[in-house]
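Have a look at the structure below before the remarks.
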Amino acid sequence: MTTAVHTAPSTTTVTAAAPLVKLRPVVHASPTSRGIHVRGWTSSFTIDGGAGLWRLWQAIEPSLVAGVPREKLGPPRARPEVAQAIELILTQLREHDLLVEVPAGWEQTGPDTPPAAVAAWLESVAADPAGAWRRLRQAQVRIIGSGPVADAATRALTDAGVTVRTEPGRQPVVLHVDAVTAVAAAATGEVGYVLPLTPVAQVRQVATQVAARLGVSADDPPPPYALAGLVGGAAAHRLICAVAGLPDPAQDAAALGADTAATLTPEHPAVLVARLDPLRASYHPWLPAAPAATAAPTGDLDAALARLDALCDPELGLVTPARPGELPQVPAALAVAGDALGIGVTGDTARLDAALQAAADALHTTVGTDVVVGVDSPHATGVALRRWVHTHLADLPNAAVAEAEWADSPAARRWWKALTLRFGVPATLRVRRLAPNLVHARVDAGGETLAWAVEATPADAVAFAALAATGLIQARRAGLDPTGPVTLTGAAPAWRPEHLDSAQWTDLRWYWPAGVADLEPRVQAAIRQLGAPTPTPLTSDTAPALLPALAAVGFVALTPAV
């Protein structure tokens, strides 16, 4: 095996000296009509107090850029109002982490100092630039791999002062300093990726999974110079941050709220995905490697949607993203995820419905059993128990429910009229009470059951069944061919206003299905009293990626009891 060692210019460590307090190089200021605005990499502040603040900033900035001994940092002996203004500026700079301490002589050329570009970068991002530089100089990185990605990573690490040992090998290129601090990177003609920190023993296995998700193959053409340089440099950057004790670059992207990292959360390992045309790179969550998350607050639609975005990430998501496409959105909101049709009162609830069905369908195909997926355990359990009720309806005691018991519901009237008047469907409705707090509603037309629902009240059962039937007919008339029956439930999260309108005649019924989830415990208790067995969590080695991904966002997959 051929081994090459690439060593940065010989240095030791930064010598101990009286520290200087400096303005981070990324800090910039500009005047405002009433003062100054100062901004850094991830924070900013504005001070109002008159045009004199800008002149004062111009006076103190050169000293802060050059560095001020720690003991001399403070307002000078001047007029009280000037001293107060300087102290206010310094206080804000400290609170926003825009000042940094470095040893004296840090930027002077010599054997104990980093290259100017490295020093400026460490001053911009590190809490302790000298300590970070010391760790970089002491590190020895092993790169296993050949080709332009490995060459780019080697150059970047060497330029940063890191000693590199290279060994030939196949893609992915693996960079590591010990058994747990490793990254892998690869690029082909159109796409490349950089893994998050992964133990050496697992890095190639994870790389294989990511490559398969991205459609990267060993038979693809080699990457062009620009893509290889981007991927190799990004891999080096990620390892440098780990060695130097700096935040992972994906964390910075998420903290900045970058659109390219919109689906990231701190607990999700992030893979950098780079593409060639146009040349771009962004971080995306890799959920199979993420720890299981706690469930979102029950009924919190915004939290469920944020987690859904990670599950349906456009690059690495394991569930097909739900999109409205060109489907009509009136009267019902519609979305599709693969072959799954989602129906809701809003686009968000339709998107959530479609994606959860797509996840359940994927698991059903893989494990060969019926599966339900919910945003949390109460949601998934509620769906599974309702299926048991519908399957065993003929064996359960029931009594007909008169129309008068649901006709005064705005939601039930709206969706029943949408189906029968707007779409002109000659539908029939059968509503049966199975127990206190348990009603089954079924919509039939042309010898077909279009939809059914099980809820605590006749109004909610009719509204959900009619909404589902309306969405089914609406999708069919738009050119889709979904099969029925369709099921919607009050166990799913729904938008709920923070405050009701001031008009006295409004209540939660006018924001339906807001508030329906409050009755969910009664529904599930009533179903269990009828003898429904408890649904079982899905555990299968035949779905090694999707199940951990669902757990990583707090979603739950269950197998309904027969």
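Naming works like this for the structure tokens: A, B, ... for the chains as they're shown, residue 1 at the start of each chain, ligands 1 onward in shown order.
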Near A:Gly74, within 9 Å and counting only C-alpha atoms, which residues show up once chain neighbours fewer than 5 positions away are dropped, as a ChimeraX atom specification? /A:83,86-87,90
Would you save the residues of that selection, restricted to C-alpha atoms, as a compact mmCIF listing (two decimals), in the first residue's frame?
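Everything below was put into result_18.txt:
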```txt
# COMPACT_ATOMS: atom_id res chain seq x y z
CA ALA A 83 -18.08 56.83 28.17
CA ILE A 86 -18.81 53.24 24.50
CA GLU A 87 -19.70 50.96 27.38
CA LEU A 90 -18.93 47.04 24.20
```
Which polymer residues have any atom within 8 Å of an atom of A:Ser377, counting only C-alpha atoms, with same-chain residues fewer than 3 positions away left out, as a short mmCIF file (atom, residue, chain, number, x, y, z; two decimals) with C-alpha atoms, in the first residue's frame?
```cif
data_model
loop_
_atom_site.label_atom_id
_atom_site.label_comp_id
_atom_site.auth_asym_id
_atom_site.auth_seq_id
_atom_site.Cartn_x
_atom_site.Cartn_y
_atom_site.Cartn_z
CA GLY A 374 -49.75 8.58 12.94
CA ALA A 380 -52.06 6.08 15.21
CA THR A 381 -54.03 4.22 17.88
CA PHE A 555 -44.20 9.34 14.27
CA VAL A 556 -45.69 5.95 15.18
#
```
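Distance annotation: of A:Ala400, A:Ala456, A:Ala475, A:Ala289, the residue with the minimal separation from A:Gly490 is A:Ala456; atom set is only C-alpha atoms.
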Contacts of stretch 331-333 of chain A at 7 Å or less, counting only C-alpha atoms, minus same-chain residues fewer than 3 places along, as a PyMOL selection string? chain A and resi 343-347+350+470-471
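Counting only C-alpha atoms and comparing A:Leu316, A:Ala59, A:Ala459, A:Ala359, the residue that lies closest to A:His284 is A:Leu316.
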Which residues come within 8 Å of A:Ile47, counting only C-alpha atoms, excluding same-chain residues fewer than 6 positions away, as a PyMOL selection string? chain A and resi 34-37+89
Written selection (N, CA and C atoms) as a PDB file, in the first residue's frame:
```pdb
ATOM      1  N   ARG A  34     -30.662  57.018  13.283  1.00  0.00           N
ATOM      2  CA  ARG A  34     -30.660  57.363  14.710  1.00  0.00           C
ATOM      3  C   ARG A  34     -29.508  56.718  15.474  1.00  0.00           C
ATOM      4  N   GLY A  35     -28.596  56.056  14.779  1.00  0.00           N
ATOM      5  CA  GLY A  35     -27.511  55.420  15.512  1.00  0.00           C
ATOM      6  C   GLY A  35     -26.703  54.498  14.631  1.00  0.00           C
ATOM      7  N   ILE A  36     -26.480  53.241  15.083  1.00  0.00           N
ATOM      8  CA  ILE A  36     -25.687  52.275  14.335  1.00  0.00           C
ATOM      9  C   ILE A  36     -26.364  50.910  14.366  1.00  0.00           C
ATOM     10  N   HIS A  37     -26.070  50.133  13.333  1.00  0.00           N
ATOM     11  CA  HIS A  37     -26.503  48.742  13.261  1.00  0.00           C
ATOM     12  C   HIS A  37     -25.257  47.893  13.072  1.00  0.00           C
ATOM     13  N   ILE A  89     -21.879  50.036  23.692  1.00  0.00           N
ATOM     14  CA  ILE A  89     -21.446  49.326  22.485  1.00  0.00           C
ATOM     15  C   ILE A  89     -20.671  48.073  22.859  1.00  0.00           C
TER      16      ILE A  89
END
```
Which of stretch 162-349 of chain A counts as strand (DSSP E) under DSSP, as a ChimeraX atom specification please? /A:163-167,173-176,182-187,191-194,270-275,280-285,333-337,340-344
Emit the selected residues as a compact mmCIF listing (two decimals), in the first residue's frame, including N, CA and C atoms.
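part_34.txt, freshly written:
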```
# COMPACT_ATOMS: atom_id res chain seq x y z
N THR A 163 -1.92 17.92 9.48
CA THR A 163 -1.09 16.89 8.87
C THR A 163 -1.97 15.78 8.34
N VAL A 164 -1.74 15.40 7.09
CA VAL A 164 -2.60 14.45 6.40
C VAL A 164 -1.78 13.25 5.94
N ARG A 165 -2.31 12.06 6.16
CA ARG A 165 -1.72 10.83 5.63
C ARG A 165 -2.73 10.23 4.66
N THR A 166 -2.32 10.02 3.43
CA THR A 166 -3.23 9.53 2.41
C THR A 166 -2.92 8.09 2.02
N GLU A 167 -3.97 7.35 1.72
CA GLU A 167 -3.85 5.97 1.25
C GLU A 167 -4.80 5.79 0.08
N VAL A 173 -14.57 8.46 -0.28
CA VAL A 173 -13.34 8.85 0.39
C VAL A 173 -13.64 9.00 1.88
N VAL A 174 -12.84 8.36 2.71
CA VAL A 174 -13.05 8.40 4.16
C VAL A 174 -11.96 9.24 4.80
N LEU A 175 -12.35 10.21 5.61
CA LEU A 175 -11.41 11.05 6.37
C LEU A 175 -11.66 10.79 7.85
N HIS A 176 -10.60 10.45 8.58
CA HIS A 176 -10.82 10.23 10.01
C HIS A 176 -9.55 10.50 10.80
N ALA A 182 -15.05 10.57 12.00
CA ALA A 182 -14.82 10.28 10.59
C ALA A 182 -15.95 10.85 9.76
N VAL A 183 -15.62 11.22 8.53
CA VAL A 183 -16.63 11.59 7.56
C VAL A 183 -16.31 10.85 6.26
N ALA A 184 -17.31 10.74 5.42
CA ALA A 184 -17.11 10.12 4.11
C ALA A 184 -17.69 11.04 3.07
N ALA A 185 -17.08 11.05 1.90
CA ALA A 185 -17.53 11.91 0.82
C ALA A 185 -17.34 11.19 -0.51
N ALA A 186 -18.20 11.52 -1.45
CA ALA A 186 -18.09 10.94 -2.78
C ALA A 186 -18.77 11.88 -3.75
N ALA A 187 -18.36 11.80 -5.02
CA ALA A 187 -18.98 12.60 -6.07
C ALA A 187 -18.86 11.86 -7.39
N VAL A 191 -23.69 14.55 -8.98
CA VAL A 191 -24.07 14.72 -7.58
C VAL A 191 -22.96 14.24 -6.68
N GLY A 192 -22.86 14.85 -5.52
CA GLY A 192 -21.91 14.43 -4.50
C GLY A 192 -22.51 14.58 -3.12
N TYR A 193 -21.87 14.00 -2.12
CA TYR A 193 -22.39 14.09 -0.77
C TYR A 193 -21.24 14.04 0.23
N VAL A 194 -21.51 14.57 1.43
CA VAL A 194 -20.60 14.49 2.56
C VAL A 194 -21.41 14.05 3.77
N ALA A 270 -26.99 15.51 9.52
CA ALA A 270 -27.23 16.17 8.24
C ALA A 270 -26.19 15.75 7.22
N VAL A 271 -26.63 15.43 6.03
CA VAL A 271 -25.76 15.09 4.91
C VAL A 271 -25.72 16.29 3.97
N LEU A 272 -24.52 16.69 3.58
CA LEU A 272 -24.39 17.72 2.56
C LEU A 272 -24.59 17.08 1.20
N VAL A 273 -25.53 17.59 0.44
CA VAL A 273 -25.77 17.11 -0.92
C VAL A 273 -25.39 18.22 -1.89
N ALA A 274 -24.50 17.91 -2.83
CA ALA A 274 -24.05 18.89 -3.82
C ALA A 274 -24.47 18.43 -5.21
N ARG A 275 -24.90 19.37 -6.01
CA ARG A 275 -25.29 19.06 -7.38
C ARG A 275 -24.61 20.02 -8.33
N ARG A 280 -24.38 23.78 -6.59
CA ARG A 280 -25.01 24.17 -5.33
C ARG A 280 -24.79 23.08 -4.31
N ALA A 281 -24.96 23.43 -3.06
CA ALA A 281 -24.83 22.46 -1.97
C ALA A 281 -25.76 22.86 -0.85
N SER A 282 -26.37 21.89 -0.19
CA SER A 282 -27.27 22.15 0.92
C SER A 282 -27.29 20.94 1.84
N TYR A 283 -27.65 21.19 3.10
CA TYR A 283 -27.69 20.12 4.10
C TYR A 283 -29.10 19.55 4.20
N HIS A 284 -29.15 18.24 4.36
CA HIS A 284 -30.43 17.54 4.43
C HIS A 284 -30.37 16.47 5.52
N PRO A 285 -31.47 16.27 6.26
CA PRO A 285 -31.46 15.31 7.36
C PRO A 285 -31.41 13.87 6.87
N ALA A 333 -59.53 20.47 0.24
CA ALA A 333 -58.11 20.56 -0.11
C ALA A 333 -57.60 19.16 -0.42
N LEU A 334 -56.82 19.04 -1.51
CA LEU A 334 -56.32 17.75 -1.95
C LEU A 334 -54.80 17.79 -2.08
N ALA A 335 -54.17 16.64 -1.87
CA ALA A 335 -52.73 16.49 -2.09
C ALA A 335 -52.47 15.04 -2.44
N VAL A 336 -51.40 14.81 -3.18
CA VAL A 336 -51.02 13.44 -3.53
C VAL A 336 -49.57 13.21 -3.17
N ALA A 337 -49.29 12.02 -2.69
CA ALA A 337 -47.92 11.57 -2.42
C ALA A 337 -47.80 10.19 -3.06
N ALA A 340 -50.95 7.89 -3.10
CA ALA A 340 -51.80 8.18 -1.95
C ALA A 340 -52.47 9.53 -2.12
N LEU A 341 -53.79 9.57 -1.90
CA LEU A 341 -54.57 10.80 -1.96
C LEU A 341 -54.82 11.31 -0.56
N GLY A 342 -54.50 12.57 -0.31
CA GLY A 342 -54.77 13.19 0.97
C GLY A 342 -55.89 14.20 0.85
N ILE A 343 -56.77 14.21 1.83
CA ILE A 343 -57.95 15.09 1.83
C ILE A 343 -57.98 15.83 3.16
N GLY A 344 -58.33 17.09 3.12
CA GLY A 344 -58.41 17.86 4.35
C GLY A 344 -59.20 19.14 4.14
```
How many Å separate atom CA of A:Trp286 from atom CA of A:Cys312? 10.8 Å
Exercise: A:Leu538 partners within 7 Å, only C-alpha atoms, chain neighbours under 6 positions left out, as a CSV table (one decimal) with N, CA and C atoms, in the first residue's frame:
```csv
chain,number,residue,atom,x,y,z
A,557,ALA,N,-45.8,3.9,13.9
A,557,ALA,CA,-46.4,2.9,13.0
A,557,ALA,C,-47.0,1.7,13.8
A,558,LEU,N,-48.2,1.4,13.6
A,558,LEU,CA,-48.9,0.3,14.3
A,558,LEU,C,-49.5,-0.7,13.3
A,559,THR,N,-49.6,-1.9,13.8
A,559,THR,CA,-50.4,-2.9,13.1
A,559,THR,C,-51.7,-3.0,13.7
```
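A straight line drawn from atom CA of A:Trp510 to atom CA of A:Thr420 is 21.0 Å long.
Every protein or nucleic acid residue with an atom no more than 12 Å from A:Gly368, counting only C-alpha atoms and leaving out same-chain residues fewer than 4 positions away, appears here: Ala360, Asp361, Ala362, Leu363, His364, Leu538, Ser540, Thr542, Ala543 and Thr559 of chain A.
The residue that comes closest to A:Val516, out of A:Glu71, A:Glu455, A:Asp376, A:Asp541 and on the basis of only C-alpha atoms, is A:Glu455.
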Neighbours of A:Thr181 within 7 Å (only C-alpha atoms; same-chain residues fewer than 5 positions away dropped), as a PyMOL selection string? chain A and resi 176+197-199
Generate the output file for the selected residues, N, CA and C atoms, as a PDB file, in the first residue's frame.
```
ATOM      1  N   HIS A 176     -10.601  10.450   8.585  1.00  0.00           N
ATOM      2  CA  HIS A 176     -10.819  10.233  10.010  1.00  0.00           C
ATOM      3  C   HIS A 176      -9.554  10.505  10.800  1.00  0.00           C
ATOM      4  N   LEU A 197     -20.499  13.354  10.931  1.00  0.00           N
ATOM      5  CA  LEU A 197     -19.555  12.543  11.694  1.00  0.00           C
ATOM      6  C   LEU A 197     -20.162  11.174  11.975  1.00  0.00           C
ATOM      7  N   THR A 198     -19.433  10.138  11.617  1.00  0.00           N
ATOM      8  CA  THR A 198     -19.913   8.762  11.735  1.00  0.00           C
ATOM      9  C   THR A 198     -18.755   7.876  12.178  1.00  0.00           C
ATOM     10  N   PRO A 199     -18.965   6.946  13.094  1.00  0.00           N
ATOM     11  CA  PRO A 199     -17.887   6.032  13.468  1.00  0.00           C
ATOM     12  C   PRO A 199     -17.311   5.327  12.250  1.00  0.00           C
TER      13      PRO A 199
END
```
Could you tell me which of A:Cys241, A:Ile60, A:Ala384, A:Val372 comes closest to A:Ala355 if we count only C-alpha atoms? A:Val372
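Atom pair atom CA of A:Asn437 / atom CA of A:Pro397: separated by 13.7 Å.
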